[in-house]
Structures are given as C-alpha cells and as structure tokens.
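**Student:** This one is structure23.cif, mmCIF, C-alpha atoms.
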data_upload
loop_
_atom_site.label_atom_id
_atom_site.label_comp_id
_atom_site.auth_asym_id
_atom_site.auth_seq_id
_atom_site.Cartn_x
_atom_site.Cartn_y
_atom_site.Cartn_z
CA MET A 57 -75.97 41.41 84.80
CA GLN A 58 -76.94 45.12 84.95
CA HIS A 59 -77.28 47.00 81.66
CA ASP A 60 -77.68 50.79 81.96
CA ASP A 61 -79.17 51.41 78.50
CA VAL A 62 -81.86 48.77 78.96
CA ILE A 63 -82.83 50.21 82.35
CA TRP A 64 -83.07 53.71 80.92
CA ASP A 65 -85.21 52.52 78.00
CA ILE A 66 -87.60 50.94 80.49
CA ILE A 67 -87.90 53.76 83.04
CA GLY A 68 -87.18 56.63 80.69
CA ASN A 69 -89.67 58.25 78.36
CA LYS A 70 -91.43 55.04 77.31
CA GLN A 71 -92.68 53.54 80.58
CA PHE A 72 -93.57 54.59 84.14
CA CYS A 73 -91.07 55.58 86.92
CA SER A 74 -92.24 56.20 90.51
CA TYR A 75 -89.61 58.97 91.06
CA LYS A 76 -90.54 60.96 87.96
CA VAL A 77 -92.52 64.21 88.22
CA LYS A 78 -93.61 65.78 84.94
CA THR A 79 -94.40 69.44 84.40
CA LYS A 80 -95.29 71.47 81.32
CA THR A 81 -91.67 72.39 80.63
CA GLN A 82 -89.50 69.73 82.29
CA ALA A 83 -89.41 66.40 84.16
CA PHE A 84 -87.96 66.19 87.69
CA CYS A 85 -86.69 63.27 89.79
CA ARG A 86 -87.58 62.78 93.47
CA ASN A 87 -84.90 60.17 94.18
CA GLU A 88 -82.79 61.24 97.21
CA TYR A 89 -79.57 60.12 95.49
CA ASN A 90 -80.12 62.19 92.32
CA ILE A 91 -77.24 64.62 91.86
CA THR A 92 -79.12 67.37 89.93
CA GLY A 93 -82.82 66.69 90.60
CA LEU A 94 -83.56 66.37 86.89
CA CYS A 95 -84.84 63.27 85.13
CA ASN A 96 -82.31 62.58 82.32
CA ARG A 97 -79.89 59.86 81.23
CA SER A 98 -76.73 61.25 82.86
CA SER A 99 -78.37 62.21 86.20
CA CYS A 100 -80.48 59.09 86.83
CA PRO A 101 -79.09 57.06 89.80
CA LEU A 102 -80.91 53.92 88.67
CA ALA A 103 -79.66 53.87 85.06
CA ASN A 104 -75.98 54.54 85.95
CA SER A 105 -73.94 51.71 87.53
CA GLN A 106 -71.09 54.14 88.40
CA TYR A 107 -72.59 57.06 90.25
CA ALA A 108 -71.68 59.58 92.99
CA THR A 109 -73.62 62.24 94.91
CA ILE A 110 -73.50 64.54 97.96
CA ARG A 111 -75.98 64.29 100.85
CA GLU A 112 -76.44 66.29 104.05
CA GLU A 113 -77.36 64.65 107.37
CA LYS A 114 -77.84 66.82 110.50
CA GLY A 115 -75.57 69.61 109.24
CA GLN A 116 -72.82 67.28 108.04
CA CYS A 117 -72.03 66.55 104.35
CA PHE A 118 -71.21 63.04 103.05
CA LEU A 119 -69.97 61.76 99.70
CA TYR A 120 -71.84 58.70 98.40
CA MET A 121 -70.28 56.53 95.67
CA LYS A 122 -71.69 53.49 93.79
CA VAL A 123 -69.76 51.08 91.54
CA ILE A 124 -70.75 48.09 89.40
CA GLU A 125 -68.77 45.65 91.58
CA ARG A 126 -71.23 46.05 94.49
CA ALA A 127 -74.39 45.72 92.39
CA ALA A 128 -74.94 42.18 93.71
CA PHE A 129 -74.90 43.43 97.34
CA PRO A 130 -77.75 45.94 97.82
CA ALA A 131 -76.90 46.42 101.53
CA LYS A 132 -73.36 47.56 100.63
CA MET A 133 -74.07 49.27 97.33
CA TRP A 134 -73.22 52.87 98.45
CA GLU A 135 -69.87 53.86 99.93
CA LYS A 136 -70.16 56.74 102.43
CA VAL A 137 -67.30 59.22 103.01
CA LYS A 138 -67.53 61.98 105.60
CA LEU A 139 -66.36 65.36 104.25
CA CYS A 140 -64.43 67.98 106.20
CA LYS A 141 -66.28 71.10 107.41
CA ASN A 142 -63.63 73.26 105.80
CA TYR A 143 -64.82 74.11 102.29
CA GLU A 144 -61.41 73.89 100.53
CA LYS A 145 -60.38 70.64 102.21
CA ALA A 146 -63.76 69.09 101.34
CA LEU A 147 -63.26 69.94 97.65
CA GLU A 148 -59.82 68.32 97.76
CA MET A 149 -61.36 65.17 99.27
CA ILE A 150 -63.95 65.05 96.44
CA ASP A 151 -61.15 65.29 93.86
CA GLU A 152 -59.14 62.53 95.54
CA ASN A 153 -62.09 60.10 95.77
CA LEU A 154 -63.36 60.82 92.22
CA ILE A 155 -59.96 61.12 90.50
CA TYR A 156 -60.76 58.59 87.70
CA TRP A 157 -64.49 59.28 87.45
CA PRO A 158 -66.22 61.16 84.63
CA ARG A 159 -65.75 64.95 84.69
CA PHE A 160 -69.53 65.52 84.68
CA ILE A 161 -70.05 63.64 87.95
CA ARG A 162 -67.03 65.31 89.59
CA HIS A 163 -68.22 68.80 88.63
CA LYS A 164 -71.86 68.19 89.72
CA CYS A 165 -70.72 66.83 93.10
CA LYS A 166 -68.71 70.01 93.75
CA GLN A 167 -71.63 72.15 92.67
CA ARG A 168 -74.07 70.30 94.95
CA PHE A 169 -71.64 70.53 97.88
CA THR A 170 -71.38 74.33 97.35
CA LYS A 171 -75.17 74.75 97.39
CA ILE A 172 -75.54 72.65 100.54
CA THR A 173 -72.80 74.65 102.30
CA GLN A 174 -74.54 77.92 101.43
CA TYR A 175 -77.94 76.90 102.78
CA LEU A 176 -76.32 75.54 105.98
CA ILE A 177 -74.74 78.99 106.56
CA ARG A 178 -78.11 80.67 106.03
CA MET A 179 -79.73 78.26 108.50
CA ARG A 180 -77.19 79.15 111.20
CA LYS A 181 -77.80 82.87 110.66
CA LEU A 182 -81.56 82.44 110.90
CA VAL A 183 -81.21 80.48 114.14
CA LEU A 184 -79.21 83.32 115.70
CA LYS A 185 -81.82 85.93 114.74
CA ARG A 186 -84.93 86.52 116.83
CA ARG A 187 -88.07 85.26 115.23
CA ARG A 188 -91.69 85.33 116.21
CA LYS A 189 -93.09 82.02 117.30
CA LEU A 190 -96.62 81.37 116.16
CA VAL A 191 -98.58 79.33 118.68
CA PRO A 192 -101.80 77.84 117.36
CA LEU A 193 -104.90 78.22 119.54
CA SER A 194 -108.02 76.19 119.17
CA ARG A 195 -111.42 77.83 119.05
CA LYS A 196 -112.63 75.89 122.05
CA VAL A 197 -109.83 77.29 124.22
CA GLU A 198 -110.53 80.84 123.02
CA ARG A 199 -114.24 80.52 123.80
CA ARG A 200 -113.48 79.08 127.23
CA GLU A 201 -111.08 81.92 128.11
CA LYS A 202 -113.53 84.53 126.88
CA ARG A 203 -116.32 83.02 128.99
CA LYS A 204 -114.06 83.05 132.07
CA GLU A 205 -113.22 86.73 131.54
CA GLU A 206 -116.88 87.68 131.27
CA LYS A 207 -117.76 85.77 134.45
CA ALA A 208 -114.85 87.38 136.34
CA LEU A 209 -115.97 90.86 135.23
CA ILE A 210 -119.55 90.23 136.38
CA ALA A 211 -118.31 88.90 139.74
CA ALA A 212 -116.08 91.96 140.25
CA GLN A 213 -118.96 94.33 139.52
CA LEU A 214 -121.20 92.39 141.92
CA ASP A 215 -118.56 92.53 144.69
CA ASN A 216 -118.18 96.30 144.23
CA ALA A 217 -121.96 96.81 144.39
CA ILE A 218 -122.22 94.72 147.59
CA GLU A 219 -119.34 96.64 149.18
CA LYS A 220 -120.95 100.02 148.39
CA GLU A 221 -124.30 98.90 149.80
CA LEU A 222 -122.71 97.66 153.01
CA LEU A 223 -120.79 100.91 153.45
CA GLU A 224 -123.96 102.94 153.01
CA ARG A 225 -125.74 100.80 155.63
CA LEU A 226 -122.74 101.21 157.94
CA LYS A 227 -123.00 104.99 157.65
CA GLN A 228 -126.71 104.91 158.30
CA GLY A 229 -126.29 102.58 161.31
CA THR A 230 -128.80 100.00 160.09
CA TYR A 231 -127.35 97.05 162.04
CA GLY A 232 -126.41 98.83 165.25
CA ASP A 233 -122.93 99.23 166.70
CA ILE A 234 -121.63 95.66 166.35
CA TYR A 235 -120.21 94.67 162.95
CA ASN A 236 -118.24 91.65 161.79
CA PHE A 237 -116.22 92.64 158.73
CA PRO A 238 -112.50 92.62 157.79
CA VAL A 239 -110.40 95.50 159.13
CA HIS A 240 -108.60 96.23 155.84
CA ALA A 241 -111.92 96.86 154.08
CA PHE A 242 -112.93 99.34 156.80
CA ASP A 243 -109.56 101.12 156.59
CA ARG A 244 -109.86 101.37 152.83
CA ALA A 245 -113.36 102.86 153.14
CA LEU A 246 -112.11 105.44 155.65
CA GLU A 247 -109.25 106.42 153.33
CA GLN A 248 -111.69 106.91 150.47
CA GLN A 249 -113.91 109.09 152.65
CA ASP A 250 -110.92 111.22 153.73
CA GLU A 251 -109.85 111.70 150.14
CA GLU A 252 -113.37 112.70 149.09
CA SER A 253 -113.67 115.21 151.97
CA GLU A 254 -110.30 116.76 151.09
CA GLU A 255 -111.30 117.11 147.46
CA GLU A 256 -114.60 118.76 148.45
CA GLU A 257 -112.82 121.23 150.77
CA GLY A 258 -110.35 122.14 148.06
CA GLU A 259 -113.18 122.73 145.59
CA GLU A 260 -115.04 124.96 148.09
CA GLU A 261 -111.93 127.06 148.70
CA ASP A 262 -111.40 127.49 144.99
CA GLU A 263 -115.02 128.57 144.58
CA ASP A 264 -114.70 131.13 147.40
CA GLU A 265 -111.57 132.58 145.86
CA ASP A 266 -113.26 132.78 142.47
CA GLU A 267 -116.26 134.61 143.98
CA ASP A 268 -114.04 137.34 145.52
CA VAL A 269 -112.32 138.04 142.20
CA GLY A 270 -113.41 141.41 140.72
CA LYS A 271 -115.26 142.55 143.86
CA ARG A 272 -114.81 146.25 144.75
CA GLU A 273 -114.95 147.73 148.27
CA PHE A 274 -114.54 151.24 149.72
CA VAL A 275 -112.40 151.40 152.87
CA ALA A 276 -112.07 154.42 155.24
CA GLU A 277 -108.69 155.80 156.24
CA GLU A 278 -107.40 154.43 159.52
CA GLU A 279 -107.55 156.91 162.45
CA LEU A 280 -104.76 157.11 164.98
CA GLU A 281 -105.85 156.69 168.58
CA ALA A 282 -104.39 158.27 171.72
CA ASP A 283 -102.59 155.09 172.68
CA ASP A 284 -100.85 155.02 169.30
CA LEU A 285 -99.71 158.65 169.74
CA SER A 286 -98.31 157.91 173.20
CA ASP A 287 -96.40 154.98 171.73
CA PHE A 288 -94.84 157.26 169.07
CA GLU A 289 -93.82 159.81 171.79
CA ASP A 290 -92.14 157.09 173.82
CA MET A 291 -90.26 156.02 170.72
CA ASN A 292 -89.07 159.59 170.10
CA LYS A 293 -87.88 159.91 173.71
CA LEU A 294 -85.97 156.71 173.44
CA GLY A 295 -84.38 157.93 170.21
CA THR A 296 -83.28 161.30 171.72
CA SER A 297 -81.89 159.70 174.87
CA SER A 298 -79.86 157.27 172.81
CA ASP A 299 -78.48 160.16 170.68
CA GLU A 300 -77.41 162.10 173.83
CA GLU A 301 -75.66 159.05 175.23
CA GLU A 302 -73.75 158.58 171.97
CA GLU A 303 -72.63 162.25 171.98
CA GLU A 304 -71.38 162.02 175.60
CA ALA A 305 -69.46 158.84 174.80
CA GLU A 306 -67.82 160.48 171.77
CA SER A 307 -66.80 163.61 173.80
CA SER A 308 -65.26 161.46 176.58
CA GLU A 309 -63.31 159.47 173.98
CA GLU A 310 -61.95 162.66 172.40
CA GLU A 311 -60.79 163.98 175.82
CA GLU A 312 -59.00 160.74 176.58
CA GLU A 313 -57.24 160.86 173.20
CA GLU A 314 -56.06 164.47 173.85
CA GLU A 315 -54.69 163.50 177.25
CA THR A 316 -52.78 160.56 175.82
CA THR A 317 -51.25 162.74 173.07
CA LYS A 318 -50.16 165.43 175.56
CA ALA A 319 -48.67 162.84 177.86
CA SER A 320 -46.69 161.33 175.00
CA ARG A 321 -45.35 164.76 173.99
CA SER A 322 -44.32 165.78 177.50
CA LYS A 323 -42.72 162.41 178.22
CA GLY A 324 -39.14 162.87 179.51
CA LYS A 325 -39.56 166.67 180.10
CA SER A 326 -41.05 166.76 183.61
CA PRO A 327 -40.41 169.97 185.67
CA ALA A 328 -37.67 170.03 188.31
CA ASN A 329 -39.86 170.84 191.27
CA GLY A 330 -42.03 167.74 190.52
CA SER A 331 -45.21 169.72 189.96
CA MET A 332 -47.59 168.62 187.22
CA PRO A 333 -47.81 170.84 184.11
CA ARG A 334 -50.77 173.14 183.86
CA ARG A 335 -53.40 172.45 181.27
CA LYS A 336 -53.99 175.17 178.70
CA ARG A 337 -57.30 176.92 178.77
CA ALA A 338 -59.53 176.85 175.74
CA PHE A 339 -59.19 179.90 173.49
CA VAL A 340 -62.41 181.92 173.35
CA GLU A 341 -63.11 184.56 170.76
CA ILE A 342 -65.64 187.32 171.47
CA GLU A 343 -67.27 189.24 168.64
CA TYR A 344 -69.08 192.55 169.09
CA GLU A 345 -71.78 193.81 166.78
CA THR A 346 -72.36 197.54 166.29
CA GLU A 347 -75.45 199.07 164.81
CA PRO A 348 -74.94 201.84 162.25
CA VAL A 349 -76.24 205.34 163.28
CA PRO A 350 -79.16 206.58 161.15
CA LYS A 351 -78.51 209.61 158.91
CA SER A 352 -81.23 211.76 160.51
CA THR A 353 -79.50 211.71 163.93
CA ALA A 354 -76.10 212.28 162.39
CA SER A 355 -77.25 215.48 160.60
CA LEU A 356 -78.70 216.89 163.78
#
Can the structure in the file be given as structure tokens, please?

**Tutor:**
Amino acid sequence: MQHDDVIWDIIGNKQFCSYKVKTKTQAFCRNEYNITGLCNRSSCPLANSQYATIREEKGQCFLYMKVIERAAFPAKMWEKVKLCKNYEKALEMIDENLIYWPRFIRHKCKQRFTKITQYLIRMRKLVLKRRRKLVPLSRKVERREKRKEEKALIAAQLDNAIEKELLERLKQGTYGDIYNFPVHAFDRALEQQDEESEEEEGEEEDEDEDEDVGKREFVAEEELEADDLSDFEDMNKLGTSSDEEEEEAESSEEEEEEETTKASRSKGKSPANGSMPRRKRAFVEIEYETEPVPKSTASL
C-alpha cells in the first residue's frame, strides 16, 4: 500500500532523489510530470497519489491525471485527456475533469496551461519571421576552398601571360603566315587593338587642340579680285532687271483695273450709233519759271 508521507520522508530533505537539483537559494525538480518545477511536498509527483499536470506534445496540450486506484498498474497509471485549442474551452475542460480535486492542483494546472499557450504563440511568430541560418564550416573545407581559389588565380594569370606573348609573336610574324588558333580569341584581340587605336587618336586630337589654345596670329585683310568684282556687277544687273520687270507688271495691272472700272460704269449706256466711247486723255500741267530782273537793269 502506498503512503505519501513515508515516500516524502525518504526522498525529501533526508535522503537522495535523482530528480532533485539543489541551488544556493532553492531546490528544483527535473521530473517531467512536476506541475511547478519546484521540489516540495505539494508539487512532488512521486509523493502524491492523487496528482494532475499539463504537458505539451508537438504543439498540442494534454491533461494528465493520476489516482490511487491505478497505483497497482504502472502502465495505466496516468489518464491522458486532449485539451481544446481554444483557450476558454480548454479551461472549462480542466474545471470539469478536476471538479472534486484540491484547489491548489486545479489552479496550478490552469497556470501551467496559460504559460504553455503563451510560449506556443511566441514560437509561431518566430517561425513566421525571417531569421539568419548559421551554417557551420569545418576548417578543412575552408582551407581546401582557399587553396582552390589561389590555384585558379595563378592559372588565370598564366593564361593571360601566354595569350599576350602569343599576340606579340603574331604581330611580329615569328611563325610565318599559317596559324592554328581559335577564331574568337583572334577577334577579341582585334577588338582590343581597335579600341586602343581609337583611344590614342582621341588623345592626340585633344593634345593638338590644347596646343592651339592661347596662340596669337596676325592675318592680312582679304583683297577682292577682278573675278569677284565681275560677280558683284552681274548680281547688280540681275537685281535691276528684276526691279524693272516688277514695275512693268504693276503698271499693266493698274491699267487693266482702270479699264474694268470704266467698263462697269459705262455698262448699259452705250451710244446709239454703236461707236465705242473715246478714252480721256491724261491731264498735263505745265509750269513756267520766270527769273526776276536785276535792279541795275531796271534803273537804267
């Protein structure tokens, strides 16, 4: 028959317990069924025949209960009840299953369930956030990669040196006219040469322009030659002829307008004999100038 006080006297303060962890201030219990984590008479799962606790398994909370009737059956000692994920409904289930149990156990089960629910919420939030993943690297792998990089750098430098030497020999014509090399390498070399020649030409032009800056020169006035003068005379003749033609065209237009106006006025008043009306002559005014007689002649 199990006796709780005797068990506590044995595993309590007097003798050794494998789940007990002592510190300078307090003693803790490492038993997974302990409801508070403290090593005392009311919280010890071994020294209490009627005991209940809350455990979490893969994000789901369960209520574990132990009674004295199942003490003889260690395989069926704990009764497991799955709690609802809703916080309020889970508290109601704890009250229903522990309705006649001590108030201390009922209150500690609710408190433990609240703490577990809170850290599950924090776990979900941390999973959703982006976090840096630290990947461990061994020293051997780092040394190997570093050695490979150094070898690749040396090989690249060697290839560039060989390519430059071959291009120089190609320019000099060391091996004659027949060469066996890839076409893309030759095209790339030609492009580099074209770029270098263009850069050199641009630099030479800039230097020539810079040399001419600030230079002073004395220039004589340009003299007009006979051919240039003849060209100007031809231009003047063309200008005068065009002016005369414009004046003649304007005078002819004015005469036509006068004829049309006279015809419109005399419309419907033709003479009886059928003869055409005479045109009026232009009115001409004549002015005479007289010289005044000098006074000497007048006195004589």

**Student:** Translate the PyMOL selection byres ((chain A and resi 137-153) around 9), as applied to the file shown, into an explicit residue set as a list of chain:residue names.

**Tutor:**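 Expected selection for the PyMOL selection byres ((chain A and resi 137-153) around 9) here is A:Gln116, A:Cys117, A:Phe118, A:Leu119, A:Tyr120, A:Met121, A:Glu135, A:Lys136, A:Leu154, A:Ile155, A:Tyr156, A:Trp157, A:Arg162, A:Cys165, A:Lys166, A:Phe169, A:Thr170, A:Thr173.
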
**Student:** What does the distance from atom CA of Ile63 of chain A to atom CA of Pro101 of chain A come to in Å, to one decimal?

**Tutor:** 10.8 Å

**Student:** How many Å separate atom CA of Glu254 of chain A from atom CA of Glu221 of chain A?

**Tutor:**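 Rounded to one decimal, the two atoms are 22.7 Å apart.
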
**Student:** Determine the nearest neighbour of Arg97 of chain A from the options A:Glu311, A:Ala212, A:Asp61, A:Tyr344, counting all atoms listed in the file.

**Tutor:**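 Ranking A:Glu311, A:Ala212, A:Asp61, A:Tyr344 by distance to Arg97 of chain A, first place goes to A:Asp61.
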
**Student:** What does the structure give for the distance between atom CA of Ala208 of chain A and atom CA of Arg244 of chain A, in Å to one decimal?

**Tutor:** 22.2 Å

**Student:** With the file shown as input, list the residues that the PyMOL selection byres ((chain A and resi 92) around 12) selects, as a ChimeraX atom specification.

**Tutor:** /A:83-91,93-101,108-111,160-161,163-169,171

**Student:** Of the candidates A:Asn104, A:Thr81, A:Gln228, A:Asn216, which one gets nearest to Trp64 of chain A if we count only C-alpha atoms?

**Tutor:**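 Going through A:Asn104, A:Thr81, A:Gln228, A:Asn216 one by one, the smallest distance to Trp64 of chain A is for A:Asn104.
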